file data.txt (compact mmCIF, C-alpha atoms)
# COMPACT_ATOMS: atom_id res chain seq x y z
CA MET A 486 21.08 7.00 28.41
CA ILE A 487 20.05 4.13 26.18
CA ASN A 488 17.31 1.87 27.49
CA ILE A 489 17.86 -1.44 25.67
CA VAL A 490 14.78 -3.15 27.13
CA TRP A 491 12.35 -0.72 25.52
CA GLY A 492 14.18 -1.07 22.22
CA ILE A 493 13.78 -4.86 22.31
CA VAL A 494 10.11 -4.53 23.34
CA PHE A 495 9.58 -2.30 20.30
CA VAL A 496 11.28 -4.74 17.91
CA LEU A 497 9.16 -7.64 19.19
CA LEU A 498 5.78 -6.00 19.79
CA ALA A 499 5.58 -3.26 17.14
CA PRO A 500 4.67 -5.59 14.23
CA VAL A 501 1.91 -7.17 16.33
CA ILE A 502 0.40 -3.87 17.45
CA GLY A 503 1.09 -2.22 14.09
CA GLY A 504 -0.71 -5.03 12.25
CA LEU A 505 -3.67 -4.77 14.62
CA VAL A 506 -3.78 -0.99 14.15
CA ALA A 507 -3.80 -1.54 10.37
CA GLY A 508 -6.62 -4.08 10.76
CA ILE A 509 -8.69 -1.76 12.96
CA ASP A 510 -7.99 1.02 10.46
CA ARG A 511 -9.42 -1.09 7.63
CA LYS A 512 -12.44 -2.08 9.71
CA ILE A 513 -13.24 1.52 10.67
CA THR A 514 -12.66 2.65 7.08
CA ALA A 515 -15.14 0.00 5.89
CA ARG A 516 -17.72 1.06 8.49
CA MET A 517 -17.32 4.70 7.44
CA GLN A 518 -18.09 3.63 3.87
CA GLY A 519 -21.13 1.58 4.95
CA ARG A 520 -19.39 -1.78 4.42
CA VAL A 521 -18.86 -4.72 6.75
CA GLY A 522 -15.12 -4.74 6.20
CA PRO A 523 -12.49 -7.45 6.57
CA SER A 524 -11.42 -9.19 9.76
CA ILE A 525 -9.21 -7.19 12.12
CA LEU A 526 -6.51 -9.82 11.50
CA GLN A 527 -6.67 -9.24 7.72
CA PRO A 528 -3.26 -7.46 7.49
CA PHE A 529 -1.63 -10.56 9.02
CA TYR A 530 -3.39 -12.80 6.49
CA ASP A 531 -2.21 -10.51 3.68
CA VAL A 532 1.41 -10.58 4.82
CA GLY A 533 1.23 -14.35 5.46
CA LYS A 534 -0.02 -14.81 1.94
CA LEU A 535 2.68 -12.58 0.46
CA PHE A 536 5.32 -14.80 2.05
CA GLU A 537 3.68 -17.84 0.40
CA LYS A 538 3.99 -16.26 -3.03
CA GLU A 539 6.77 -16.46 -5.56
CA GLN A 540 9.53 -13.84 -5.26
CA ALA A 541 9.18 -12.23 -8.68
CA VAL A 542 11.44 -9.18 -8.90
CA VAL A 543 13.11 -7.40 -11.77
CA ASN A 544 16.56 -7.73 -10.21
CA GLU A 545 18.10 -9.00 -6.96
CA THR A 546 19.15 -5.50 -5.87
CA GLN A 547 15.51 -4.70 -5.19
CA ILE A 548 15.32 -7.35 -2.47
CA PHE A 549 18.48 -5.96 -0.88
CA TYR A 550 16.99 -2.45 -0.76
CA ALA A 551 13.71 -3.78 0.66
CA ILE A 552 15.66 -5.53 3.44
CA CYS A 553 17.67 -2.34 4.09
CA TYR A 554 14.41 -0.37 4.34
CA PHE A 555 13.15 -2.93 6.85
CA ILE A 556 16.33 -2.94 8.95
CA PHE A 557 16.72 0.84 9.06
CA MET A 558 13.08 1.38 9.96
CA ILE A 559 13.50 -1.05 12.88
CA PHE A 560 16.70 0.80 13.81
CA THR A 561 14.82 4.12 13.74
CA GLY A 562 11.99 2.85 15.93
CA ALA A 563 14.27 0.95 18.31
CA LEU A 564 16.50 4.00 18.74
CA PHE A 565 13.42 6.08 19.46
CA PHE A 566 11.95 3.70 22.04
CA ALA A 567 15.37 3.03 23.58
CA SER A 568 15.60 6.76 24.44
CA GLY A 569 18.07 7.69 21.73
CA ASP A 570 18.78 11.09 20.28
CA LEU A 571 15.75 12.58 18.54
CA LEU A 572 17.78 14.15 15.72
CA LEU A 573 19.52 10.84 15.01
CA VAL A 574 16.09 9.17 14.92
CA VAL A 575 14.88 11.69 12.33
CA PHE A 576 17.96 11.14 10.15
CA ALA A 577 17.68 7.34 10.42
CA LEU A 578 14.04 7.64 9.36
CA THR A 579 15.07 9.54 6.24
CA LEU A 580 17.77 6.96 5.47
CA ALA A 581 15.23 4.12 5.73
CA GLN A 582 12.88 5.97 3.41
CA ILE A 583 15.68 6.58 0.91
CA PHE A 584 16.30 2.82 0.68
CA LEU A 585 12.69 2.33 -0.40
CA VAL A 586 13.16 4.99 -3.07
CA LEU A 587 16.38 3.30 -4.26
CA GLY A 588 14.56 -0.03 -4.42
CA ALA A 589 11.88 1.50 -6.61
CA PHE A 590 14.49 3.21 -8.82
CA SER A 591 16.47 -0.02 -9.26
CA ALA A 592 13.64 -1.57 -11.28
CA ASN A 593 13.47 -0.14 -14.75
CA SER A 594 9.73 0.48 -14.77
CA PRO A 595 7.96 3.77 -15.52
CA TYR A 596 5.36 3.28 -12.77
CA SER A 597 8.02 2.46 -10.24
CA TYR A 598 10.03 5.51 -11.35
CA VAL A 599 7.11 7.90 -11.00
CA GLY A 600 6.32 6.39 -7.61
CA ALA A 601 9.94 6.79 -6.47
CA GLU A 602 10.05 10.40 -7.62
CA ARG A 603 6.81 11.12 -5.78
CA GLU A 604 8.20 9.42 -2.69
CA LEU A 605 11.19 11.79 -2.85
CA LEU A 606 8.80 14.73 -3.11
CA GLN A 607 6.94 13.44 -0.07
CA ILE A 608 10.19 13.18 1.88
CA MET A 609 10.92 16.78 0.83
CA ALA A 610 7.44 17.77 1.96
CA TYR A 611 7.49 16.32 5.46
CA GLU A 612 11.16 16.65 6.38
CA PRO A 613 11.22 20.39 7.35
CA MET A 614 8.25 19.95 9.69
CA VAL A 615 9.73 16.87 11.35
CA ILE A 616 13.04 18.66 12.00
CA ILE A 617 11.20 21.72 13.34
CA THR A 618 9.33 19.35 15.65
CA ALA A 619 12.59 17.92 16.96
CA VAL A 620 13.98 21.44 17.49
CA GLY A 621 10.73 22.50 19.17
CA MET A 622 10.99 19.56 21.57
CA TYR A 623 14.53 20.68 22.41
CA VAL A 624 13.45 24.26 23.04
CA ALA A 625 10.64 23.07 25.28
CA THR A 626 12.59 20.51 27.32
CA LYS A 627 16.27 21.49 26.77
CA SER A 628 17.03 17.96 25.62
CA PHE A 629 17.15 15.93 22.42
CA ASN A 630 17.01 12.70 24.40
CA VAL A 631 13.71 10.89 23.74
CA GLY A 632 13.66 9.48 27.27
CA ASP A 633 13.96 12.95 28.82
CA ILE A 634 11.26 14.35 26.51
CA ALA A 635 8.86 11.47 27.19
CA THR A 636 9.18 11.74 30.97
CA THR A 637 9.28 15.52 31.22
CA THR A 638 6.82 17.39 33.42
CA VAL A 639 6.62 20.25 30.92
CA PRO A 640 3.30 20.18 29.04
CA ILE A 641 4.97 20.21 25.61
CA VAL A 642 1.73 20.37 23.63
CA LEU A 643 0.77 23.63 25.36
CA LEU A 644 4.16 25.14 24.51
CA LEU A 645 4.13 23.83 20.94
CA PRO A 646 0.49 23.96 19.76
CA GLY A 647 1.47 25.19 16.29
CA ILE A 648 4.19 22.57 15.88
CA PHE A 649 1.76 19.88 17.04
CA LEU A 650 -0.78 20.89 14.35
CA GLY A 651 1.99 21.06 11.74
CA PHE A 652 3.19 17.61 12.76
CA LEU A 653 -0.35 16.23 12.41
CA TYR A 654 -0.41 17.68 8.90
CA VAL A 655 2.74 15.82 7.80
CA LEU A 656 1.64 12.72 9.72
CA THR A 657 -0.95 12.23 6.98
CA ILE A 658 1.91 12.05 4.47
CA LYS A 659 3.91 9.64 6.60
CA LEU A 660 0.97 7.30 7.21
CA ARG A 661 0.22 7.28 3.45
CA LYS A 662 -3.32 8.53 3.90
CA SER A 663 -5.45 10.58 1.52
CA PRO A 664 -5.12 13.40 0.51
CA PHE A 665 -1.34 12.79 0.51
CA ASP A 666 -1.10 9.15 -0.61
CA ILE A 667 0.59 10.24 -3.82
CA SER A 668 3.49 7.79 -3.94
CA THR A 669 1.69 4.66 -2.84
CA SER A 670 -1.39 3.97 -0.76
CA HIS A 671 -3.27 1.52 1.38
CA HIS A 672 -6.34 -0.58 0.94
CA ALA A 673 -7.58 -0.73 -2.61
CA HIS A 674 -6.72 2.86 -3.55
CA GLN A 675 -4.71 3.17 -6.73
CA GLU A 676 -2.65 5.84 -8.38
CA ILE A 677 -0.08 5.19 -11.11
CA VAL A 678 -0.62 1.47 -10.49
CA LYS A 679 0.93 1.18 -7.03
CA GLY A 680 3.71 3.76 -7.00
CA VAL A 681 6.93 2.77 -5.23
CA THR A 682 5.71 -0.76 -4.49
CA THR A 683 4.69 -1.53 -8.09
CA GLU A 684 7.71 -3.70 -8.84
CA PHE A 685 7.81 -5.48 -5.48
CA SER A 686 5.93 -8.73 -5.14
CA GLY A 687 5.62 -11.67 -2.79
CA PRO A 688 7.98 -11.74 0.23
CA SER A 689 9.64 -8.39 -0.50
CA LEU A 690 6.22 -6.70 -0.61
CA GLY A 691 5.37 -8.46 2.67
CA LEU A 692 8.56 -7.05 4.17
CA ILE A 693 7.60 -3.53 3.08
CA GLU A 694 4.18 -4.05 4.67
CA ILE A 695 5.72 -5.12 8.00
CA THR A 696 8.08 -2.14 7.79
CA HIS A 697 5.07 0.10 7.49
CA TRP A 698 3.64 -1.38 10.72
CA TYR A 699 6.90 -0.55 12.49
CA GLU A 700 6.74 2.95 11.05
CA THR A 701 3.14 3.46 12.21
CA ILE A 702 4.00 2.54 15.80
CA PHE A 703 7.10 4.75 15.72
CA LEU A 704 5.05 7.71 14.44
CA LEU A 705 2.36 7.19 17.08
CA GLY A 706 5.17 7.16 19.64
CA PHE A 707 6.28 10.51 18.22
CA VAL A 708 2.76 11.88 18.75
CA TYR A 709 2.90 10.62 22.34
CA LEU A 710 6.00 12.77 23.01
CA PHE A 711 3.81 15.87 22.89
CA PHE A 712 1.84 14.52 25.86
CA GLY A 713 4.69 12.97 27.83
CA PHE A 714 3.70 14.93 30.97
CA ASN A 715 0.60 12.73 31.46
CA PRO A 716 0.65 9.13 30.13
CA LEU A 717 -3.14 8.79 30.27
CA ILE A 718 -3.78 11.93 28.22
CA GLY A 719 -0.93 10.79 25.94
CA VAL A 720 -2.48 7.43 25.09
CA VAL A 721 -5.93 8.97 24.59
CA ALA A 722 -4.44 11.68 22.36
CA VAL A 723 -2.61 9.08 20.24
CA ILE A 724 -5.88 7.17 19.71
CA ILE A 725 -7.78 10.35 18.85
CA VAL A 726 -5.05 11.43 16.42
CA TYR A 727 -5.17 8.09 14.60
CA LEU A 728 -8.98 8.14 14.39
CA LEU A 729 -8.71 11.67 13.01
CA GLU A 730 -6.28 10.42 10.36
CA ILE A 731 -8.75 7.70 9.34
CA LEU A 732 -11.51 10.31 9.09
CA ILE A 733 -9.30 12.58 6.94
CA ASP A 734 -8.37 9.57 4.78
CA ASN A 735 -12.01 8.82 4.08
CA THR A 736 -13.25 12.34 3.50
CA ASN A 737 -10.54 13.66 1.20
CA ALA A 738 -9.61 13.08 -2.40
CA ARG A 739 -5.97 12.73 -3.38
CA VAL A 740 -4.26 16.05 -4.19
CA LYS A 741 -1.55 16.78 -6.73
CA TRP A 742 2.05 16.61 -5.53
CA GLN A 743 2.51 20.35 -6.07
CA LEU A 744 -0.15 21.11 -3.47
CA ALA A 745 1.25 18.49 -1.09
CA VAL A 746 4.76 20.01 -1.15
CA LYS A 747 3.67 23.65 -1.15
CA SER A 748 1.10 23.31 1.60
CA SER A 749 3.31 21.28 3.92
CA TRP A 750 6.19 23.72 3.53
CA LEU A 751 3.82 26.64 4.05
CA ILE A 752 2.44 25.01 7.18
CA ALA A 753 5.97 24.28 8.41
CA ILE A 754 6.93 27.93 7.93
CA ILE A 755 3.75 29.46 9.31
CA VAL A 756 2.87 27.35 12.33
CA GLY A 757 6.27 25.74 12.93
CA VAL A 758 8.62 28.69 12.66
CA VAL A 759 6.17 31.15 14.24
CA ASN A 760 5.67 28.78 17.17
CA LEU A 761 9.44 28.45 17.61
CA ALA A 762 9.93 32.22 17.37
CA ALA A 763 7.19 32.86 19.92
CA LEU A 764 8.82 30.37 22.27
CA TYR A 765 12.19 32.15 21.99
CA PHE A 766 10.65 35.55 22.69
CA LEU A 767 8.64 34.28 25.65
CA ALA A 768 11.78 32.72 27.08
CA GLY A 769 13.52 36.08 26.75
CA GLY A 770 15.85 35.42 23.88
CA VAL A 771 17.87 32.38 22.91
CA PRO A 772 18.26 30.16 26.00
CA MET B 263 -0.88 -23.05 7.62
CA THR B 264 -2.26 -21.24 4.65
CA TYR B 265 -3.15 -17.61 4.21
CA LEU B 266 -3.65 -17.72 0.48
CA ALA B 267 -7.38 -18.39 0.68
CA LYS B 268 -7.86 -15.60 3.21
CA SER B 269 -6.31 -12.85 1.16
CA PRO B 270 -6.95 -13.23 -2.57
CA TRP B 271 -6.04 -10.11 -4.49
CA ILE B 272 -7.53 -9.85 -7.94
CA ILE B 273 -6.57 -8.01 -11.07
CA HIS B 274 -9.40 -7.28 -13.44
CA TYR B 275 -8.87 -6.87 -17.16
CA ASP B 276 -11.57 -5.84 -19.62
CA ALA B 277 -10.79 -7.71 -22.84
CA SER B 278 -13.28 -6.28 -25.36
CA SER B 279 -16.13 -6.65 -22.89
CA CYS B 280 -19.27 -4.55 -23.35
CA ASN B 281 -18.77 -3.27 -19.74
CA GLY B 282 -21.78 -5.24 -18.51
CA CYS B 283 -19.62 -7.76 -16.64
CA ASP B 284 -17.15 -5.04 -15.60
CA ILE B 285 -19.89 -3.10 -13.87
CA GLU B 286 -21.00 -6.28 -12.11
CA ILE B 287 -17.41 -6.88 -10.92
CA LEU B 288 -17.27 -3.33 -9.59
CA ALA B 289 -20.65 -3.93 -7.95
CA CYS B 290 -18.95 -6.66 -5.91
CA LEU B 291 -16.77 -3.97 -4.32
CA THR B 292 -19.69 -1.74 -3.30
CA PRO B 293 -21.19 -1.77 0.21
CA MET B 294 -23.99 -4.03 -1.12
CA TYR B 295 -21.70 -7.04 -1.72
CA ASP B 296 -18.43 -5.82 -0.14
CA VAL B 297 -15.98 -8.54 -1.18
CA GLU B 298 -13.31 -6.93 1.00
CA ARG B 299 -14.90 -8.73 3.93
CA PHE B 300 -13.36 -11.91 2.45
CA GLY B 301 -10.04 -10.10 2.10
CA ILE B 302 -10.54 -9.71 -1.65
CA ILE B 303 -8.88 -6.54 -2.94
CA ASN B 304 -8.97 -5.26 -6.49
CA THR B 305 -5.35 -4.39 -7.25
CA GLY B 306 -4.26 -2.58 -10.38
CA ASN B 307 -0.95 -4.40 -10.46
CA PRO B 308 -0.39 -7.91 -11.87
CA LYS B 309 2.67 -8.34 -9.61
CA HIS B 310 0.49 -8.06 -6.51
CA ALA B 311 -2.39 -10.19 -7.81
CA ASP B 312 -3.32 -13.83 -7.21
CA ILE B 313 -6.44 -14.08 -9.34
CA PHE B 314 -6.71 -12.84 -12.92
CA VAL B 315 -10.32 -11.90 -13.67
CA VAL B 316 -11.00 -11.40 -17.37
CA THR B 317 -14.20 -10.19 -18.96
CA GLY B 318 -14.88 -10.22 -22.70
CA SER B 319 -13.34 -12.29 -25.45
CA VAL B 320 -9.92 -12.48 -27.08
CA ASN B 321 -9.34 -10.33 -30.13
CA GLU B 322 -6.27 -9.19 -32.01
CA GLN B 323 -5.94 -6.01 -29.96
CA ASN B 324 -5.83 -7.59 -26.53
CA ARG B 325 -3.89 -10.85 -27.08
CA GLU B 326 -0.60 -9.34 -26.01
CA VAL B 327 -2.15 -7.56 -23.03
CA ILE B 328 -3.76 -10.72 -21.64
CA LEU B 329 -0.52 -12.68 -22.04
CA ASN B 330 1.52 -9.87 -20.54
CA ILE B 331 -0.67 -9.58 -17.45
CA TYR B 332 -0.85 -13.35 -16.95
CA ASN B 333 2.89 -13.88 -17.31
CA GLN B 334 3.71 -11.05 -14.89
CA MET B 335 1.64 -12.53 -12.05
CA PRO B 336 3.74 -14.42 -9.47
CA ASP B 337 2.86 -18.07 -8.71
CA PRO B 338 0.55 -19.51 -7.49
CA LYS B 339 -2.07 -17.85 -9.69
CA VAL B 340 -5.43 -18.67 -11.22
CA ALA B 341 -7.44 -17.19 -14.08
CA VAL B 342 -11.20 -16.65 -13.87
CA ALA B 343 -13.20 -16.00 -17.04
CA VAL B 344 -16.24 -13.89 -16.11
CA GLY B 345 -19.24 -13.76 -18.43
CA ILE B 346 -20.18 -15.75 -21.48
CA CYS B 347 -17.88 -13.76 -23.80
CA ALA B 348 -14.81 -14.62 -21.73
CA THR B 349 -15.98 -18.22 -21.50
CA SER B 350 -16.61 -18.95 -25.17
CA GLY B 351 -16.83 -15.72 -27.13
CA GLY B 352 -20.60 -15.59 -26.59
CA VAL B 353 -22.61 -13.88 -29.30
CA PHE B 354 -19.40 -12.51 -30.75
CA ARG B 355 -17.73 -15.87 -31.32
CA GLU B 356 -18.46 -15.82 -35.07
CA CYS B 357 -17.05 -12.32 -35.55
CA TYR B 358 -14.04 -12.03 -37.85
CA ASN B 359 -11.99 -10.27 -35.18
CA VAL B 360 -12.82 -12.52 -32.24
CA ALA B 361 -10.67 -15.57 -31.49
CA GLY B 362 -13.04 -16.95 -28.85
CA GLY B 363 -12.92 -17.38 -25.08
CA ILE B 364 -9.95 -16.55 -22.87
CA ASP B 365 -8.97 -20.25 -22.76
CA LYS B 366 -7.77 -19.93 -26.35
CA LEU B 367 -4.86 -18.02 -24.91
CA ILE B 368 -4.21 -18.81 -21.24
CA PRO B 369 -5.20 -21.73 -18.96
CA VAL B 370 -8.52 -20.76 -17.37
CA ASP B 371 -9.38 -22.35 -14.01
CA VAL B 372 -12.92 -21.12 -13.37
CA TYR B 373 -15.68 -20.15 -15.80
CA VAL B 374 -18.41 -17.82 -14.56
CA MET B 375 -21.53 -17.89 -16.74
CA GLY B 376 -24.03 -15.14 -17.40
CA CYS B 377 -24.63 -12.15 -19.64
CA ALA B 378 -23.90 -10.14 -17.63
CA ALA B 379 -22.59 -12.39 -14.85
CA ARG B 380 -24.36 -11.60 -11.59
CA PRO B 381 -22.28 -10.36 -8.62
CA GLU B 382 -23.33 -13.44 -6.64
CA SER B 383 -22.01 -15.79 -9.32
CA ILE B 384 -18.80 -13.74 -9.67
CA ILE B 385 -18.18 -14.03 -5.91
CA ASP B 386 -18.99 -17.76 -6.17
CA GLY B 387 -16.48 -18.09 -9.02
CA ILE B 388 -13.74 -16.31 -7.03
CA VAL B 389 -14.41 -18.51 -3.99
CA THR B 390 -14.16 -21.61 -6.23
CA ALA B 391 -10.89 -20.22 -7.57
CA LEU B 392 -9.56 -20.01 -4.00
CA GLY B 393 -9.75 -23.81 -3.68
CA ILE B 394 -7.80 -24.21 -6.93
CA LEU B 395 -5.30 -21.59 -5.79
CA GLU B 396 -4.73 -23.49 -2.55
CA LYS B 397 -4.32 -26.77 -4.48
CA LYS B 398 -1.75 -25.18 -6.77
CA ARG B 399 0.18 -23.89 -3.78
CA SER B 400 0.27 -27.27 -2.01
CA GLU B 401 1.44 -28.95 -5.21
CA GLY B 402 4.07 -26.26 -5.65
CA ALA B 403 3.08 -26.06 -9.29
CA SER B 404 4.35 -23.08 -11.24
CA ALA B 405 2.43 -21.99 -14.28
CA PRO B 406 4.47 -22.01 -17.50
CA VAL B 407 5.13 -18.76 -19.30
CA VAL B 408 2.38 -18.63 -21.89
CA THR B 409 3.34 -17.55 -25.38
CA ASP B 410 1.10 -16.82 -28.33
CA HIS B 411 1.95 -18.98 -31.34
CA HIS B 412 -1.14 -17.80 -33.14
CA MET B 413 0.06 -14.20 -33.16
CA ASN B 414 3.20 -15.06 -35.13
CA LYS B 415 1.18 -17.01 -37.67
CA GLU B 416 -1.15 -14.05 -38.12
CA HIS B 417 1.76 -11.80 -39.00
CA HIS B 418 2.81 -14.15 -41.78
CA LYS B 419 -0.69 -14.12 -43.22
CA HIS B 420 -0.68 -10.39 -43.85
CA ALA B 421 0.85 -9.25 -47.08
CA GLU B 422 3.98 -7.14 -46.81
CA GLY B 423 3.14 -3.47 -46.59
CA GLY B 424 -0.59 -4.15 -46.62
CA VAL B 425 -1.30 -2.71 -43.21
CA GLN B 426 1.22 0.10 -43.42
call {"tool": "encode", "arguments": {"input": "data.txt", "output": "structure tokens"}}
result
Amino acid sequence: MINIVWGIVFVLLAPVIGGLVAGIDRKITARMQGRVGPSILQPFYDVGKLFEKEQAVVNETQIFYAICYFIFMIFTGALFFASGDLLLVVFALTLAQIFLVLGAFSANSPYSYVGAERELLQIMAYEPMVIITAVGMYVATKSFNVGDIATTTVPIVLLLPGIFLGFLYVLTIKLRKSPFDISTSHHAHQEIVKGVTTEFSGPSLGLIEITHWYETIFLLGFVYLFFGFNPLIGVVAVIIVYLLEILIDNTNARVKWQLAVKSSWLIAIIVGVVNLAALYFLAGGVP
Amino acid sequence: MTYLAKSPWIIHYDASSCNGCDIEILACLTPMYDVERFGIINTGNPKHADIFVVTGSVNEQNREVILNIYNQMPDPKVAVAVGICATSGGVFRECYNVAGGIDKLIPVDVYVMGCAARPESIIDGIVTALGILEKKRSEGASAPVVTDHHMNKEHHKHAEGGVQ
């Protein structure tokens, strides 16, 4: 059953909360590095400024792909919060990400190309774990419906501890945090200029930034699903997970893409598949 | 409503600088001075930058690079010449390979003195540049694409096959 109200709430509130989360992230990062750090509203200033700048792109197609990325990320998040089908959400997420890659490929720039190829590798790296997570949720609750999973009384995290850890591992990739910020990154970190976003400037870059806020809120919602049996524990867990991501971001150097792909697949196989297998055996065969 | 002055992203280019000014620019990013508290971020990408910070003077090797970076930056944009070499060529201005300050090539909006320029004066220069940036935005002025006429002339001066 689709819950339109929650979908609309997500579309309206996610950029506000996502921007604040990004601002708090930058503030905490600065404090961890012994700096004062920018204002918590800094991400909003940045995006406001980007919309005041000239739209300088290599070709018009790039803007189209940036808008598609924006729309499909909103669709992904709205579908998730409106209690859609979890598998459809995962596929829509991939589609949104592919539009960003196409946007980067449409500009004939070596930095943009390398960034786009790395983005594809990142998608390859996190995708198995995300699908295993969706399957794990189904095995635990007998439903792919996000609404059912979020309101279940089954303590999902206790049934899926391995999958939860594996999901946290790929969450670092999705949030573009070190050590897996290989295609593009936040703050002032640089690698191959700016990866996928190298050839975007002005309003289209601002759009990509807002899209990332939507994505952050959607991913934190995904983390909440593991704790759907108790909303209080859920919210606390989401906050702890994000703080943990900031800590990992600040204490790790960027790794090579080979390690990123290999390790996330290895983790998906070891903790994800083993967790699923254990669940099947405990339930006495395939339910 | 303007956000430009609250989020200036800079791109730093070392044009034949001795690294003295470059180290002072990097010092601005350290916890001691922490320019990120003003929203200033050092980007590596001219397409994301608002302020072009150049250290060192113009020579034959870096003419094209300076022009390329400046022309790729989206409007509104400003250029800041940091250090005496970027301002006028400094002690190197008489050298056979040095053309002079950055303003020989691109329109410079702010000059930051010093050898090496101190972090405080660099931050002061950037903050001055913010006012100019805001003025350019309100006027809706777009900087012209800068081309290097001097470079073409130089090519004619060389004898055919001399360099090869």
call {"tool": "residues_around", "arguments": {"input": "data.txt", "residues": "Asn281 (chain B)", "least_positions_apart": "6", "cutoff": "9 Å", "atoms": "all atoms listed in the file", "output": "MDAnalysis selection string"}}
result
chainID B and resid 317:318 378
call {"tool": "closest_residue", "arguments": {"input": "data.txt", "among": "A:Ala635, A:Val521, A:Ile695, A:Leu578", "to": "chain B", "atoms": "only C-alpha atoms"}}
result
A:Val521
call {"tool": "closest_residue", "arguments": {"input": "data.txt", "among": "B:Asp365, B:Asp371, B:Glu396, B:Asp386", "to": "Val408 (chain B)", "atoms": "all atoms listed in the file"}}
result
B:Asp365
call {"tool": "closest_residue", "arguments": {"input": "data.txt", "among": "B:Val316, B:Val389, B:Met335, B:Ala289", "to": "chain A", "atoms": "all atoms listed in the file"}}
result
B:Met335
call {"tool": "interface_residues", "arguments": {"input": "data.txt", "of": "chain A", "to": "chain B", "cutoff": "7 Å", "atoms": "only C-alpha atoms", "output": "PyMOL selection string"}}
result
chain A and resi 519-524+527+530-531+533-534+538-539+541+673+675+678-679+683-684+686
call {"tool": "residues_around", "arguments": {"input": "data.txt", "residues": "Val360 (chain B)", "least_positions_apart": "4", "cutoff": "10 Å", "atoms": "only C-alpha atoms", "output": "list in words"}}
result
Ser278, Ser319, Val320, Asn321, Glu322, Gln323, Cys347, Gly351, Phe354, Arg355 and Glu356 of chain B
call {"tool": "atom_distance", "arguments": {"input": "data.txt", "atom1": "CA of Leu728 (chain A)", "atom2": "CA of Ile667 (chain A)"}}
result
20.7 Å
call {"tool": "atom_distance", "arguments": {"input": "data.txt", "atom1": "CA of Cys290 (chain B)", "atom2": "CA of Ala361 (chain B)"}}
result
28.3 Å
call {"tool": "closest_residue", "arguments": {"input": "data.txt", "among": "B:Leu329, B:Ile346, B:Ile313, B:Ala405", "to": "Cys280 (chain B)", "atoms": "all atoms listed in the file"}}
result
B:Ile346
call {"tool": "residues_around", "arguments": {"input": "data.txt", "residues": "Thr736 (chain A)", "least_positions_apart": "6", "cutoff": "12 Å", "atoms": "all atoms listed in the file", "output": "PyMOL selection string"}}
result
chain A and resi 514+517-518+662-664+729-730
call {"tool": "residues_near_point", "arguments": {"input": "data.txt", "point": "(-14.0, -19.1, -17.6)", "cutoff": "7 Å", "atoms": "only C-alpha atoms", "output": "count of residues only"}}
result
10
call {"tool": "atom_distance", "arguments": {"input": "data.txt", "atom1": "CA of Val639 (chain A)", "atom2": "CA of Tyr654 (chain A)"}}
result
23.3 Å
call {"tool": "closest_residue", "arguments": {"input": "data.txt", "among": "B:Leu392, B:Ile384, B:Ser279, B:Ile368", "to": "Gly352 (chain B)", "atoms": "all atoms listed in the file"}}
result
B:Ser279
